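File shown here: work-v3.cif, holding mmCIF, C-alpha atoms.
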```cif
data_entry
#
loop_
_atom_site.label_atom_id
_atom_site.label_comp_id
_atom_site.auth_asym_id
_atom_site.auth_seq_id
_atom_site.Cartn_x
_atom_site.Cartn_y
_atom_site.Cartn_z
CA MET G 1 19.48 -11.69 -9.21
CA ALA G 2 17.87 -15.08 -9.06
CA ALA G 3 20.62 -16.34 -6.79
CA GLN G 4 20.08 -13.45 -4.43
CA GLY G 5 16.39 -14.22 -4.38
CA SER G 6 16.97 -17.78 -3.27
CA ASP G 7 19.49 -16.69 -0.65
CA PHE G 8 16.92 -14.41 0.73
CA LYS G 9 14.33 -17.09 0.94
CA GLY G 10 16.67 -19.22 2.95
CA TRP G 11 17.43 -16.39 5.28
CA ILE G 12 13.86 -15.75 6.28
CA ALA G 13 12.12 -18.20 8.54
CA ASP G 14 9.95 -20.18 6.18
CA PRO G 15 6.36 -19.54 7.27
CA ARG G 16 5.29 -22.96 6.13
CA THR G 17 7.45 -24.78 8.57
CA LEU G 18 8.07 -22.29 11.30
CA ALA G 19 5.50 -20.70 13.52
CA LEU G 20 6.77 -17.46 14.91
CA SER G 21 5.46 -16.23 18.15
CA LEU G 22 6.51 -13.34 20.29
CA VAL G 23 7.18 -14.22 23.88
CA ALA G 24 7.68 -12.30 27.06
CA VAL G 25 9.34 -8.98 26.88
CA GLY G 26 12.53 -9.00 28.83
CA ALA G 27 13.41 -12.61 28.33
CA SER G 28 16.95 -13.09 27.16
CA ALA G 29 17.90 -14.73 23.96
CA SER G 30 19.11 -18.24 24.57
CA ALA G 31 20.24 -19.16 21.10
CA GLY G 32 20.75 -17.29 17.92
CA TYR G 33 18.67 -18.62 15.07
CA LEU G 34 19.33 -17.38 11.59
CA LEU G 35 20.32 -13.98 12.83
CA LEU G 36 23.36 -12.59 14.53
CA GLU G 37 22.93 -10.96 17.87
CA ARG G 38 23.91 -7.45 17.07
CA ASN G 39 20.77 -5.75 18.23
CA SER G 40 21.82 -4.04 21.43
CA LYS G 41 18.45 -2.38 21.97
CA ALA G 42 16.37 -5.51 21.72
CA THR G 43 14.63 -6.60 24.86
CA LYS G 44 12.14 -9.00 23.31
CA THR G 45 12.91 -12.42 22.03
CA VAL G 46 11.25 -14.38 19.32
CA THR G 47 10.46 -18.02 19.78
CA ILE G 48 10.60 -20.23 16.75
CA VAL G 49 8.81 -23.53 16.94
CA ASP G 50 9.75 -26.04 14.33
CA GLU G 51 6.52 -27.92 13.88
CA LYS G 52 8.12 -30.55 11.72
CA SER G 53 10.48 -31.85 14.34
CA GLU G 54 9.72 -34.24 17.15
CA GLY G 55 9.18 -33.03 20.68
CA SER G 56 9.85 -29.50 21.75
CA ASN G 57 12.38 -28.00 19.48
CA VAL G 58 12.16 -24.38 20.46
CA VAL G 59 14.88 -21.89 19.86
CA GLN G 60 14.91 -18.27 20.77
CA ARG G 61 16.56 -15.32 19.14
CA LYS G 62 16.38 -11.60 19.40
CA PRO G 63 13.85 -9.95 17.09
CA ALA G 64 15.28 -8.60 13.87
CA ARG G 65 14.85 -4.94 13.14
CA ILE G 66 14.46 -4.27 9.44
CA TYR G 67 15.06 -0.97 7.68
CA MET G 68 13.58 0.04 4.35
CA ASP G 69 13.62 3.51 2.87
CA GLY G 70 11.78 5.29 0.12
CA CYS G 71 9.94 8.37 -0.95
CA PHE G 72 6.56 6.63 -0.67
CA ASP G 73 4.98 9.04 -3.04
CA MET G 74 2.57 7.81 -5.62
CA PHE G 75 5.03 8.58 -8.39
CA HIS G 76 8.32 8.01 -6.71
CA TYR G 77 7.56 4.67 -5.26
CA GLY G 78 10.51 2.67 -4.11
CA HIS G 79 12.97 5.40 -5.12
CA ARG G 80 15.94 5.27 -7.47
CA MET K 1 22.94 9.98 -10.39
CA LEU K 2 21.47 6.75 -9.26
CA LEU K 3 20.31 4.36 -11.88
CA SER K 4 16.64 4.80 -12.41
CA GLU K 5 15.07 1.45 -12.93
CA PRO K 6 11.56 1.03 -14.19
CA GLN K 7 9.32 0.69 -11.22
CA THR K 8 5.92 -0.73 -10.92
CA CYS K 9 4.07 0.36 -7.87
CA VAL K 10 0.86 0.32 -6.08
CA ILE K 11 -0.39 3.79 -5.45
CA ASN K 12 -0.74 3.21 -1.79
CA PRO K 13 2.68 3.34 -0.21
CA CYS K 14 1.61 0.73 2.27
CA SER K 15 2.29 -1.84 -0.30
CA ASN K 16 3.52 -5.27 -0.89
CA ALA K 17 7.13 -4.13 -0.59
CA LEU K 18 6.52 -3.00 2.98
CA ARG K 19 4.67 -6.20 3.71
CA GLN K 20 7.62 -8.21 2.44
CA ALA K 21 10.09 -6.09 4.36
CA ARG K 22 8.07 -6.62 7.52
CA ALA K 23 7.96 -10.36 6.87
CA ALA K 24 11.76 -10.37 6.67
CA GLY K 25 12.04 -9.67 10.37
CA ASP K 26 10.09 -8.72 13.44
CA THR K 27 10.09 -4.93 13.49
CA LEU K 28 9.96 -2.75 10.41
CA VAL K 29 11.53 0.70 10.56
CA VAL K 30 10.83 2.78 7.47
CA GLY K 31 12.89 5.77 6.43
CA VAL K 32 10.94 8.32 4.40
CA HIS K 33 12.74 10.98 2.37
CA SER K 34 11.83 14.63 2.86
CA ASP K 35 10.55 16.79 0.01
CA ALA K 36 13.90 18.60 -0.16
CA GLU K 37 15.83 15.32 -0.26
CA VAL K 38 13.69 14.00 -3.11
CA LYS K 39 14.00 17.28 -5.01
CA ALA K 40 17.77 17.20 -4.64
CA ALA K 41 17.99 13.61 -5.78
CA LYS K 42 15.41 13.51 -8.53
CA GLY K 43 14.97 17.11 -9.58
CA THR K 44 11.25 17.20 -8.90
CA LEU K 45 9.20 17.46 -5.77
CA PRO K 46 7.02 14.51 -4.84
CA VAL K 47 3.34 14.84 -5.71
CA SER K 48 2.36 14.33 -2.08
CA PRO K 49 4.03 16.59 0.50
CA GLU K 50 6.21 15.00 3.15
CA ALA K 51 3.71 15.38 5.99
CA GLU K 52 1.19 13.27 4.08
CA ARG K 53 3.80 10.73 3.08
CA TYR K 54 5.06 10.34 6.64
CA ALA K 55 1.50 9.87 7.89
CA ALA K 56 0.60 7.43 5.15
CA VAL K 57 3.58 5.20 5.90
CA ALA K 58 2.85 5.39 9.63
CA ALA K 59 -0.75 4.30 8.97
CA CYS K 60 0.41 1.17 7.18
CA LYS K 61 -0.13 -1.88 9.32
CA PHE K 62 3.13 -3.46 8.24
CA VAL K 63 5.16 -0.54 9.57
CA ASP K 64 6.30 -0.31 13.18
CA GLU K 65 8.40 2.85 13.17
CA VAL K 66 8.97 5.73 10.79
CA ILE K 67 12.16 7.76 10.45
CA GLN K 68 11.30 11.11 8.92
CA ASP K 69 13.74 12.85 6.59
CA ALA K 70 15.84 9.78 5.92
CA PRO K 71 18.73 10.46 3.55
CA TYR K 72 18.18 9.44 -0.04
CA THR K 73 21.54 7.78 -0.39
CA PRO K 74 22.41 5.24 2.28
CA THR K 75 25.95 6.43 2.99
CA LYS K 76 28.35 4.63 5.30
CA GLU K 77 27.61 7.23 7.97
CA TRP K 78 23.88 6.66 7.68
CA ILE K 79 24.22 2.91 7.78
CA ASP K 80 26.38 3.20 10.89
CA LYS K 81 23.75 5.41 12.45
CA LEU K 82 21.03 2.91 11.56
CA ARG K 83 23.03 0.22 13.33
CA LYS K 84 23.96 2.21 16.40
CA THR K 85 21.08 4.60 16.95
CA TYR K 86 18.19 2.65 15.47
CA ALA K 87 19.52 -0.84 16.24
CA ILE K 88 18.84 -1.98 12.70
CA ASP K 89 19.86 -5.53 11.85
CA TYR K 90 19.07 -5.61 8.16
CA ILE K 91 18.53 -3.15 5.35
CA VAL K 92 15.99 -4.38 2.84
CA HIS K 93 15.59 -3.14 -0.71
CA GLY K 94 13.80 -4.26 -3.84
CA ASP K 95 15.63 -6.45 -6.30
CA ASP K 96 16.61 -3.59 -8.57
CA PRO K 97 20.24 -2.54 -8.59
CA CYS K 98 21.27 0.83 -7.17
CA PHE K 99 24.51 2.50 -8.17
CA ASN K 100 26.43 5.56 -7.11
CA PRO K 101 27.49 8.06 -9.78
CA ASP K 102 30.87 6.31 -9.99
CA GLY K 103 29.15 3.03 -10.74
CA SER K 104 29.74 1.51 -7.34
CA ASP K 105 27.00 -0.33 -5.54
CA VAL K 106 25.08 1.90 -3.13
CA TYR K 107 24.69 -0.99 -0.75
CA ALA K 108 28.28 -2.27 -0.90
CA TYR K 109 28.98 -1.28 2.70
CA ALA K 110 25.76 -2.85 3.98
CA LYS K 111 26.53 -6.00 2.01
CA ALA K 112 30.03 -6.16 3.46
CA LEU K 113 28.48 -6.02 6.91
CA ASP K 114 26.14 -8.84 5.91
CA MET K 115 23.18 -6.64 6.68
CA PHE K 116 21.64 -6.25 3.24
CA LYS K 117 18.74 -8.31 1.95
CA ILE K 118 16.55 -7.96 -1.09
CA VAL K 119 12.84 -8.37 -1.49
CA LYS K 120 11.00 -9.09 -4.65
CA ARG K 121 10.35 -6.12 -6.85
CA THR K 122 6.71 -5.33 -6.27
CA GLU K 123 4.34 -6.40 -8.94
CA GLY K 124 1.55 -3.96 -8.87
CA VAL K 125 -0.25 -1.25 -10.63
CA SER K 126 2.32 0.64 -12.61
CA THR K 127 2.90 4.29 -12.00
CA THR K 128 2.59 4.75 -15.69
CA ASP K 129 -0.82 3.21 -15.75
CA ILE K 130 -2.12 5.29 -12.87
CA VAL K 131 -0.88 8.60 -14.25
CA GLY K 132 -2.32 7.61 -17.57
CA ARG K 133 -5.68 6.81 -16.02
CA MET K 134 -5.84 10.28 -14.51
CA LEU K 135 -4.60 12.13 -17.54
CA LEU K 136 -6.82 10.21 -19.87
CA MET K 137 -9.87 10.90 -17.80
CA THR K 138 -9.12 14.59 -17.85
CA ARG K 139 -8.53 14.62 -21.55
CA GLU K 140 -11.81 12.88 -22.07
CA HIS K 141 -13.44 15.46 -19.90
CA HIS K 142 -12.16 18.29 -22.06
CA VAL K 143 -12.99 16.73 -25.36
CA ARG K 144 -16.28 15.09 -24.62
CA SER K 145 -17.82 13.48 -21.62
CA PRO K 146 -17.85 9.74 -21.94
CA ALA K 147 -21.30 8.28 -21.88
CA GLN K 148 -22.44 7.24 -18.45
CA PRO K 149 -22.56 3.48 -18.28
CA THR K 150 -26.07 2.35 -17.71
CA THR K 151 -27.00 -0.32 -15.24
CA GLY K 152 -26.14 -3.78 -16.39
CA GLU K 153 -23.62 -2.73 -18.98
CA PRO K 154 -20.04 -3.63 -18.30
CA ILE K 155 -17.86 -0.70 -17.33
CA THR K 156 -15.19 -0.02 -19.85
CA ARG K 157 -11.97 1.39 -18.64
CA LEU K 158 -9.82 3.45 -20.90
CA ARG K 159 -6.31 2.30 -20.32
CA SER K 160 -3.24 4.43 -19.99
CA SER K 161 -1.58 2.44 -22.69
CA SER K 162 -4.02 3.84 -25.20
CA TRP K 163 -3.23 7.30 -23.90
CA ALA K 164 0.47 6.67 -24.25
CA ASP K 165 0.01 5.17 -27.70
CA ASP K 166 -1.99 8.11 -28.84
CA LYS K 167 0.20 10.75 -27.32
CA GLN K 168 3.64 9.35 -27.80
CA GLY K 169 3.29 7.07 -30.76
CA LEU K 170 4.22 4.12 -28.60
CA SER K 171 2.70 0.77 -29.01
CA VAL K 172 2.70 -0.80 -25.64
CA SER K 173 0.29 -3.33 -24.39
CA ASP K 174 -0.89 -2.91 -20.88
CA ARG K 175 1.21 -5.56 -19.29
CA SER K 176 2.15 -4.26 -15.89
CA GLN K 177 -1.02 -5.60 -14.49
CA PHE K 178 -1.99 -6.00 -10.94
CA LEU K 179 -2.88 -9.61 -10.31
CA PRO K 180 -5.29 -9.89 -7.43
CA THR K 181 -4.43 -13.40 -6.37
CA ALA K 182 -6.16 -15.05 -3.44
CA ARG K 183 -2.78 -15.35 -1.78
CA ARG K 184 -2.22 -11.59 -2.00
CA ILE K 185 -5.59 -10.85 -0.44
CA ARG K 186 -4.85 -13.33 2.34
CA GLN K 187 -1.45 -11.75 2.98
CA PHE K 188 -3.02 -8.34 3.41
CA ALA K 189 -6.02 -9.51 5.39
CA SER K 190 -6.15 -9.69 9.15
CA ASP K 191 -6.82 -12.94 10.92
CA ARG K 192 -8.67 -11.19 13.68
CA VAL K 193 -12.37 -11.88 14.00
CA PRO K 194 -14.60 -9.78 16.22
CA SER K 195 -15.38 -11.30 19.60
CA GLU K 196 -18.67 -10.92 21.46
CA ALA K 197 -17.13 -8.09 23.41
CA ASP K 198 -16.07 -6.18 20.32
CA LYS K 199 -17.98 -3.11 19.27
CA VAL K 200 -18.16 -3.39 15.50
CA VAL K 201 -18.16 -0.19 13.44
CA TYR K 202 -19.13 -0.12 9.77
CA ILE K 203 -18.13 2.51 7.24
CA ALA K 204 -18.56 2.29 3.47
CA GLY K 205 -17.03 4.23 0.62
CA ALA K 206 -15.02 4.10 -2.57
CA PHE K 207 -11.58 4.76 -1.01
CA ASP K 208 -10.23 5.59 -4.42
CA LEU K 209 -6.56 6.62 -4.54
CA PHE K 210 -6.48 5.99 -0.79
CA THR K 211 -5.69 9.48 0.44
CA GLN K 212 -4.70 10.98 3.73
CA GLY K 213 -8.40 11.91 4.06
CA HIS K 214 -9.35 8.23 3.91
CA ILE K 215 -6.73 7.27 6.48
CA GLU K 216 -7.95 9.87 8.93
CA ALA K 217 -11.57 8.94 8.32
CA LEU K 218 -10.84 5.29 9.08
CA LYS K 219 -9.00 6.33 12.22
CA GLN K 220 -12.04 8.32 13.34
CA ALA K 221 -14.38 5.47 12.48
CA LYS K 222 -12.25 2.97 14.38
CA SER K 223 -12.31 5.22 17.45
CA LEU K 224 -16.10 4.73 17.66
CA GLY K 225 -15.62 1.05 18.48
CA THR K 226 -13.08 -1.74 18.67
CA PHE K 227 -13.43 -3.51 15.31
CA LEU K 228 -13.76 -1.69 12.01
CA VAL K 229 -15.45 -3.23 8.99
CA VAL K 230 -14.91 -1.22 5.82
CA GLY K 231 -17.34 -1.64 2.95
CA VAL K 232 -15.68 -0.95 -0.39
CA TYR K 233 -18.14 -0.14 -3.18
CA ASP K 234 -17.70 -1.92 -6.47
CA ASP K 235 -16.62 -0.04 -9.59
CA GLU K 236 -20.13 0.25 -10.94
CA ILE K 237 -21.51 1.97 -7.85
CA VAL K 238 -18.60 4.40 -7.81
CA ASN K 239 -18.93 5.09 -11.50
CA ARG K 240 -22.67 5.65 -11.25
CA SER K 241 -21.99 8.22 -8.57
CA ARG K 242 -18.95 9.98 -9.96
CA GLY K 243 -19.11 9.30 -13.67
CA GLY K 244 -16.22 9.84 -16.06
CA GLY K 245 -13.35 7.44 -15.62
CA HIS K 246 -13.89 7.03 -11.89
CA PRO K 247 -12.84 5.14 -9.98
CA ILE K 248 -9.16 5.50 -10.90
CA MET K 249 -8.32 2.37 -8.97
CA ASN K 250 -10.47 -0.69 -9.43
CA LEU K 251 -12.18 -2.66 -6.71
CA HIS K 252 -9.33 -5.05 -6.05
CA GLU K 253 -6.74 -2.30 -5.89
CA ARG K 254 -8.92 -0.23 -3.57
CA CYS K 255 -9.54 -3.21 -1.30
CA LEU K 256 -5.83 -3.86 -0.87
CA SER K 257 -5.23 -0.21 -0.02
CA VAL K 258 -7.87 -0.34 2.70
CA LEU K 259 -6.57 -3.65 4.02
CA SER K 260 -3.07 -2.28 4.35
CA CYS K 261 -4.33 0.47 6.65
CA ARG K 262 -3.86 -0.34 10.33
CA TYR K 263 -7.32 0.92 11.30
CA ALA K 264 -9.25 -1.49 9.07
CA ASP K 265 -9.90 -4.90 10.59
CA GLU K 266 -12.07 -6.34 7.84
CA ILE K 267 -13.49 -5.32 4.49
CA ILE K 268 -16.49 -6.15 2.38
CA MET K 269 -15.32 -6.38 -1.22
CA GLY K 270 -18.08 -4.81 -3.26
CA ALA K 271 -20.26 -3.51 -0.46
CA PRO K 272 -23.94 -2.81 -1.11
CA ARG K 273 -24.80 0.88 -1.33
CA VAL K 274 -27.71 0.40 1.02
CA VAL K 275 -26.90 -0.78 4.52
CA THR K 276 -29.28 -3.66 5.02
CA GLU K 277 -30.48 -5.49 8.08
CA ASP K 278 -28.71 -8.56 6.81
CA LEU K 279 -25.40 -6.70 6.65
CA LEU K 280 -25.82 -5.28 10.15
CA ARG K 281 -26.75 -8.65 11.57
CA SER K 282 -24.19 -10.81 9.82
CA MET K 283 -21.33 -8.47 10.74
CA ASN K 284 -22.76 -7.78 14.22
CA VAL K 285 -22.53 -4.04 13.57
CA SER K 286 -23.15 -1.68 16.49
CA VAL K 287 -22.29 1.61 14.82
CA VAL K 288 -22.69 2.73 11.21
CA THR K 289 -20.68 5.84 10.53
CA HIS K 290 -19.86 8.30 7.82
CA GLY K 291 -17.67 11.37 7.61
CA THR K 292 -19.03 14.80 6.88
CA VAL K 293 -16.75 15.14 3.87
CA SER K 294 -17.36 12.81 0.97
CA GLU K 295 -17.18 13.44 -2.72
CA GLY K 296 -19.40 10.62 -3.80
CA LYS K 297 -23.13 11.01 -3.99
CA TYR K 298 -23.66 7.64 -2.41
CA MET K 299 -25.98 9.15 0.14
CA GLN K 300 -28.35 10.26 -2.59
CA THR K 301 -30.75 8.20 -4.60
CA PHE K 302 -29.53 7.15 -7.98
CA PRO K 303 -32.04 7.97 -10.69
CA GLU K 304 -31.98 4.46 -12.07
CA SER K 305 -32.47 2.81 -8.74
CA SER K 306 -35.56 4.50 -7.44
CA GLN K 307 -36.67 1.27 -5.82
CA GLU K 308 -33.81 1.65 -3.37
CA PRO K 309 -34.43 3.72 -0.25
CA SER K 310 -33.61 7.38 -0.75
CA ASP K 311 -31.26 7.25 2.19
CA PRO K 312 -28.98 4.20 2.12
CA LEU K 313 -28.39 4.63 5.84
CA ALA K 314 -32.11 4.88 6.69
CA LEU K 315 -32.22 1.57 8.51
CA ALA K 316 -29.12 2.30 10.57
CA LYS K 317 -30.61 5.66 11.55
CA GLN K 318 -33.93 4.08 12.42
CA LEU K 319 -32.15 1.56 14.65
CA GLY K 320 -30.20 4.36 16.33
CA LYS K 321 -26.93 2.93 15.07
CA PHE K 322 -25.87 5.82 12.87
CA LYS K 323 -23.21 8.20 14.08
CA ALA K 324 -21.59 10.79 11.83
CA PHE K 325 -18.12 12.13 12.51
CA GLU K 326 -16.56 15.41 11.52
CA SER K 327 -14.14 14.58 8.72
CA PRO K 328 -10.68 15.39 10.02
CA SER K 329 -9.35 16.01 6.53
CA SER K 330 -10.94 17.44 3.46
CA LEU K 331 -8.38 15.95 1.10
CA LEU K 332 -10.33 14.50 -1.76
CA VAL K 333 -9.52 12.37 -4.75
CA GLY K 334 -10.12 15.47 -6.85
CA ASP K 335 -7.29 17.22 -5.01
CA ILE K 336 -4.88 14.39 -5.79
CA ILE K 337 -5.85 14.47 -9.44
CA ALA K 338 -5.45 18.25 -9.47
CA ARG K 339 -1.93 17.88 -8.11
CA VAL K 340 -1.12 15.42 -10.83
CA LEU K 341 -2.44 17.77 -13.47
CA GLN K 342 -0.26 20.57 -12.13
CA HIS K 343 2.69 18.42 -13.04
CA ARG K 344 1.05 17.26 -16.20
CA ASP K 345 3.83 17.99 -18.66
CA ALA K 346 6.57 16.60 -16.48
CA LEU K 347 4.50 13.53 -15.74
CA ALA K 348 3.56 13.06 -19.37
CA ALA K 349 7.24 12.91 -20.26
CA LYS K 350 7.80 10.54 -17.38
CA VAL K 351 4.95 8.33 -18.49
CA ALA K 352 6.44 8.07 -21.95
CA ARG K 353 9.88 7.27 -20.58
CA LYS K 354 8.60 4.78 -18.05
CA THR K 355 6.32 3.13 -20.56
CA SER K 356 9.35 2.49 -22.70
CA GLN K 357 11.38 1.26 -19.73
CA GLU K 358 8.59 -0.96 -18.54
CA ARG K 359 8.16 -2.40 -21.98
CA ASP K 360 11.85 -3.21 -22.02
CA TYR K 361 11.61 -4.71 -18.55
CA TYR K 362 8.66 -6.90 -19.41
CA ASP K 363 10.20 -7.94 -22.70
CA ASN K 364 13.74 -8.55 -21.59
CA SER K 365 14.24 -8.53 -17.88
CA LYS K 366 11.18 -9.77 -16.07
CA LYS K 367 11.84 -13.08 -14.44
CA TYR K 368 10.08 -14.96 -11.76
CA VAL K 369 11.43 -14.07 -8.33
CA SER K 370 9.99 -15.86 -5.37
CA GLU K 371 8.79 -13.59 -2.65
CA SER K 372 8.49 -13.86 1.05
#
```

Using structure tokens, write down the structure from this file.
Amino acid sequence: MAAQGSDFKGWIADPRTLALSLVAVGASASAGYLLLERNSKATKTVTIVDEKSEGSNVVQRKPARIYMDGCFDMFHYGHR
Amino acid sequence: MLLSEPQTCVINPCSNALRQARAAGDTLVVGVHSDAEVKAAKGTLPVSPEAERYAAVAACKFVDEVIQDAPYTPTKEWIDKLRKTYAIDYIVHGDDPCFNPDGSDVYAYAKALDMFKIVKRTEGVSTTDIVGRMLLMTREHHVRSPAQPTTGEPITRLRSSSWADDKQGLSVSDRSQFLPTARRIRQFASDRVPSEADKVVYIAGAFDLFTQGHIEALKQAKSLGTFLVVGVYDDEIVNRSRGGGHPIMNLHERCLSVLSCRYADEIIMGAPRVVTEDLLRSMNVSVVTHGTVSEGKYMQTFPESSQEPSDPLALAKQLGKFKAFESPSSLLVGDIIARVLQHRDALAAKVARKTSQERDYYDNSKKYVSES
């Protein structure tokens, strides 16, 4: 479980080093970053600016669509 | 049957789990199970009907889209549909294992597709504790009314653990505590500050058990302007008004519930009962509002505070800033508690079971998991 947790942390853009900003709708993704391009519906791209690196190190990727399910009742929270 | 793991939760579905799921990507699509689906899977109906649960999830500011009547078990067919119809990239679940009746991993297919990610199991107010708070309060009500705390005395809260101890012979310390860290508040708060052009609306209340009524009231309040400041009364004010064990949720818990609602732009943690000139000026408030349905007696003078104005909104009215709205929902905290009491026996058994499971979890399983 701990290993999965650390995997997950690596998978998400670390908010301390990466500033995420949404850019123009309709722009095409120029480079995949962290995520595979399997989102056929996506029309937006996400720009990731690595503030730690020199110069303009901007990559773009399609936005990731996340799914989570649940009952969302006060006593069935999270389900299972 | 799926393995039922002990769950801690915050009572408001718009919780830290949704916040984490949202932080895992760019768009969060939430599947909510129907009443029938929950009944089939768990044997009991949810306490809140599906219409309220759908609306509550949709009102959460971390949620972008809601899929109603999502299947309880994420079958291969459903996962394929999520990919193809809903363009889902990743399925996120808490870090508790989920198994099919044959012992196989529910998410094996999603994992094979490399589209499964976990988020930290939400640390929050435990279900057990909340049910216990309600049941205990009611029991107290039947046996004897607890003395009203007088001004200046600390408010004592009777914990569910004592209820569970008494009722079930369990000895469990109250360890599934909600920790209101500064970081958590910051994560839930909005960065937006009102501009000169914004029309700031102010509404105050207890917002206990954050119901559908509260959500709709905040939506109405927000529609009167462009920036909504929500004053959340402290526990003492709420208790002076409602007595008994109220509020069920304490100030910090209530504040996070309000902050997770998409209509609230800012809160005042521990708002004064009386709307003062200082409050109006410092928050640049244009409109002070209040719904027609409210179960607190905040609008009346408290006996022990006769030096306060009889109408806490007097100044706002005098300045022509007060505007009431017709409450869109009459769902009150009392209704929620009544629902819980209808299921009292079933929930009492569940509390006992969960208390035991949570004790085991805190004793044996709880480890630090970093969260997003």

Practice prompt. List the residues selected by the PyMOL selection byres ((chain K and resi 263) around 10) in the file shown, writing them as a list in words.
Written response: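 Residues picked by the PyMOL selection byres ((chain K and resi 263) around 10): Ala59, Cys60, Lys61, Ile215, Glu216, Ala217, Leu218, Lys219, Gln220, Ala221, Lys222, Ser223, Thr226, Phe227, Leu228, Val229, Val230, Val258, Leu259, Ser260, Cys261, Arg262, Ala264, Asp265 and Glu266 of chain K.
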
Item checked: Selection result of the PyMOL selection byres ((chain K and resi 113) around 12) on this file, as a list in words ->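 On this input, the PyMOL selection byres ((chain K and resi 113) around 12) captures Leu36 and Arg38 of chain G; Lys76, Ile79, Asp80, Arg83, Ile88, Asp89, Tyr90, Ile91, Tyr107, Ala108, Tyr109, Ala110, Lys111, Ala112, Asp114, Met115, Phe116 and Lys117 of chain K.
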
Of K:Lys39, K:Arg192, K:Lys323, K:Arg53, the one nearest to chain G when counting all atoms listed in the file is K:Arg53

Two-atom distance - atom CA of K:Val201, atom CA of K:Met283 (Å):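 Those two atoms sit 9.3 Å apart.
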
- Message: Residue by residue, what does the PyMOL selection byres ((chain K and resi 198) around 9) grab here? Present the result as a list of chain:residue names.
- Response: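 Here the PyMOL selection byres ((chain K and resi 198) around 9) matches K:Pro194, K:Ser195, K:Glu196, K:Ala197, K:Lys199, K:Val200, K:Gly225, K:Thr226, K:Phe227.
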
Taken to one decimal, the atom CA of K:Val119-atom CA of K:Met269 distance is 28.2 Å
